[in-house]
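Have a look at the structure below, then the notes.
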Amino acid sequence: MVEIRHATAPDQVPGMTTDRLRARFLAEDLFAPGEIKLVYSHEDRIVIGGAYPGDTALELPCPDPLRAEYFLERRELGVVNVGRPGTVTVDGTAHDLGAKECLYAGRGSRSVTFTGGPFYLVSTPAHGDHPTVKAGLDDAEPVRLGGQEGSNERTIHKYIHAKGIQSSQLVLGVTVLAPGSMWNTMPCHTHERRTEVYFYFDLPEDQRIVHLMGRPDETRNLIVADRQAVISPCWSVHCGFGTRNYSFVWAMGGENQAYEDMEQVAIGEMR
């Protein structure tokens, strides 16, 4: 199953209702037992999805919008385990993933299957070939930011980036907020050369995250539940706070892979 999301200009947002904002930017139902669900976004041609196989293996399909023989014919893929231990098998080689561990599968990989999990998926177009690589939290480059005084003590684990797992354009990592911390990515920023997607997880079912989006001087909000994702165009901020701590996968695709290439927004300039 694949859903198409078209690109949105910033001047379209002010007139949108809550329902229209959610329909355009929020992926609410990525996981269904026994299924692989995909969302194809025209923002930098990013595909996100959820694979929820359980004990019965699921194979990554090639949806018609890709116009390809197989999913990774012209694409690359990042996979993050967001549940119980599972296995991702790429062209016959099995890779066991624990919670929050990552697997990168490069262009030309013909078969990708999943058991266990569930798994969060992010794919971008690829112009080169890179090997399949697994990484755990201990392998990632950890960056500790924030503090208790700002309710934003968090650890950023960089998986796919210029100094980590190599890719054509995909950049991906996992951020884990410490107990008692709720804010992420504040002060916030935009990316003129990349689209970013935030996927929130490890959030109790009865809790929520208020995700801020839109132009820095004209923000809107989305109320986000566990295992939901927000598509953030290059012109939009992407930050938020939760009713308790949580984790999220951040993933980018676009013109470059420079992690620091962003337009910072001072807190006092936000509206």
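Starting from 1 in every chain, residues are counted up; chains themselves are A, B, ... following the order of the structure tokens, and ligands are numbered from 1 as listed.
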What lies within 8 Å of Thr155 of chain A using only C-alpha atoms, ignoring chain neighbours under 6 positions off, as a PDB file with N, CA and C atoms, in the first residue's frame?
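Written file, out05.pdb:
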```pdb
ATOM      1  N   PRO A 142      27.677   9.670  18.970  1.00  0.00           N
ATOM      2  CA  PRO A 142      26.728  10.329  19.880  1.00  0.00           C
ATOM      3  C   PRO A 142      27.080  11.799  20.110  1.00  0.00           C
ATOM      4  N   VAL A 143      26.075  12.636  20.113  1.00  0.00           N
ATOM      5  CA  VAL A 143      26.226  14.059  20.417  1.00  0.00           C
ATOM      6  C   VAL A 143      25.240  14.380  21.525  1.00  0.00           C
ATOM      7  N   ARG A 144      25.722  14.838  22.649  1.00  0.00           N
ATOM      8  CA  ARG A 144      24.857  15.173  23.785  1.00  0.00           C
ATOM      9  C   ARG A 144      24.624  16.677  23.817  1.00  0.00           C
ATOM     10  N   LEU A 145      23.350  17.046  23.801  1.00  0.00           N
ATOM     11  CA  LEU A 145      22.974  18.450  23.729  1.00  0.00           C
ATOM     12  C   LEU A 145      21.953  18.769  24.815  1.00  0.00           C
ATOM     13  N   THR A 175      17.412  10.365  17.900  1.00  0.00           N
ATOM     14  CA  THR A 175      17.588  11.216  19.075  1.00  0.00           C
ATOM     15  C   THR A 175      16.763  10.651  20.229  1.00  0.00           C
ATOM     16  N   VAL A 176      17.396  10.538  21.395  1.00  0.00           N
ATOM     17  CA  VAL A 176      16.745   9.993  22.586  1.00  0.00           C
ATOM     18  C   VAL A 176      16.735  11.069  23.661  1.00  0.00           C
ATOM     19  N   LEU A 177      15.546  11.451  24.115  1.00  0.00           N
ATOM     20  CA  LEU A 177      15.421  12.441  25.174  1.00  0.00           C
ATOM     21  C   LEU A 177      15.526  11.775  26.535  1.00  0.00           C
ATOM     22  N   ALA A 178      16.224  12.433  27.458  1.00  0.00           N
ATOM     23  CA  ALA A 178      16.382  11.913  28.809  1.00  0.00           C
ATOM     24  C   ALA A 178      15.083  12.061  29.592  1.00  0.00           C
TER      25      ALA A 178
END
```
For this session: Compile the contact shell of Asn184 of chain A as a PyMOL selection string: residues with an atom at most 7 Å away, counting only C-alpha atoms, same-chain residues fewer than 2 positions apart removed.
Result: chain A and resi 152+182+186+239-241
Generate the output file for the selected residues, N, CA, C and O atoms, as an mmCIF file, in the first residue's frame.
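File result-v9.cif, as written:
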```cif
data_model
loop_
_atom_site.group_PDB
_atom_site.id
_atom_site.type_symbol
_atom_site.label_atom_id
_atom_site.label_comp_id
_atom_site.auth_asym_id
_atom_site.auth_seq_id
_atom_site.Cartn_x
_atom_site.Cartn_y
_atom_site.Cartn_z
ATOM 1 N N ASN A 152 15.524 19.842 27.784
ATOM 2 C CA ASN A 152 15.872 19.291 26.471
ATOM 3 C C ASN A 152 17.191 18.532 26.490
ATOM 4 O O ASN A 152 17.946 18.553 25.524
ATOM 5 N N MET A 182 11.588 17.238 27.401
ATOM 6 C CA MET A 182 10.443 17.206 26.489
ATOM 7 C C MET A 182 10.694 17.937 25.178
ATOM 8 O O MET A 182 10.088 17.622 24.167
ATOM 9 N N MET A 186 15.534 22.809 19.730
ATOM 10 C CA MET A 186 15.242 24.189 20.099
ATOM 11 C C MET A 186 16.514 24.803 20.663
ATOM 12 O O MET A 186 17.075 24.249 21.614
ATOM 13 N N CYS A 239 10.357 21.220 15.061
ATOM 14 C CA CYS A 239 10.743 21.100 16.468
ATOM 15 C C CYS A 239 9.468 20.814 17.254
ATOM 16 O O CYS A 239 8.368 20.889 16.714
ATOM 17 N N GLY A 240 9.621 20.493 18.530
ATOM 18 C CA GLY A 240 8.415 20.196 19.287
ATOM 19 C C GLY A 240 8.699 19.858 20.730
ATOM 20 O O GLY A 240 9.858 19.810 21.163
ATOM 21 N N PHE A 241 7.629 19.624 21.457
ATOM 22 C CA PHE A 241 7.735 19.244 22.860
ATOM 23 C C PHE A 241 6.649 18.228 23.170
ATOM 24 O O PHE A 241 5.570 18.243 22.576
#
```
Seminar exercise, completed: Restricting to only C-alpha atoms, whichever of A:Val174, A:Ser109, A:Cys62, A:Ala225 is closest to Ile36 of chain A is A:Cys62
Exercise. Among segment 22-265 of chain A, which ones does DSSP place in strand (DSSP E or B), written as a ChimeraX atom specification?
Worked result: /A:26-27,35-41,47-52,54-59,75-90,93-97,102-105,112-125,133-135,141-145,154-160,165,171-177,183-184,189-190,194-201,209-215,218-224,228-232,239-242,247-254,263-264
For this session: Select, from A:Asp19, A:Asp44, A:Glu269, A:Glu255, the residue with the minimum atom-to-atom distance to Ala7 of chain A, counting only C-alpha atoms.
Result: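 Checking each of A:Asp19, A:Asp44, A:Glu269, A:Glu255 against Ala7 of chain A, counting only C-alpha atoms, the winner is A:Asp44.
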For this session: Using only C-alpha atoms, determine which residues lie at most 10 Å from Glu263 of chain A, disregarding the query and same-chain residues fewer than 6 positions distant; provide the list as a list in words.
Result: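 The neighbour list is Cys188, His189, Thr190, His191, Glu192, Trp235 and Val237 of chain A.
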Problem set entry | Long-range neighbours of Glu43 of chain A as a VMD selection string, 8 Å cut-off, only C-alpha atoms, 3 positions minimum in chain | chain A and resid 6 to 7 46 195 233
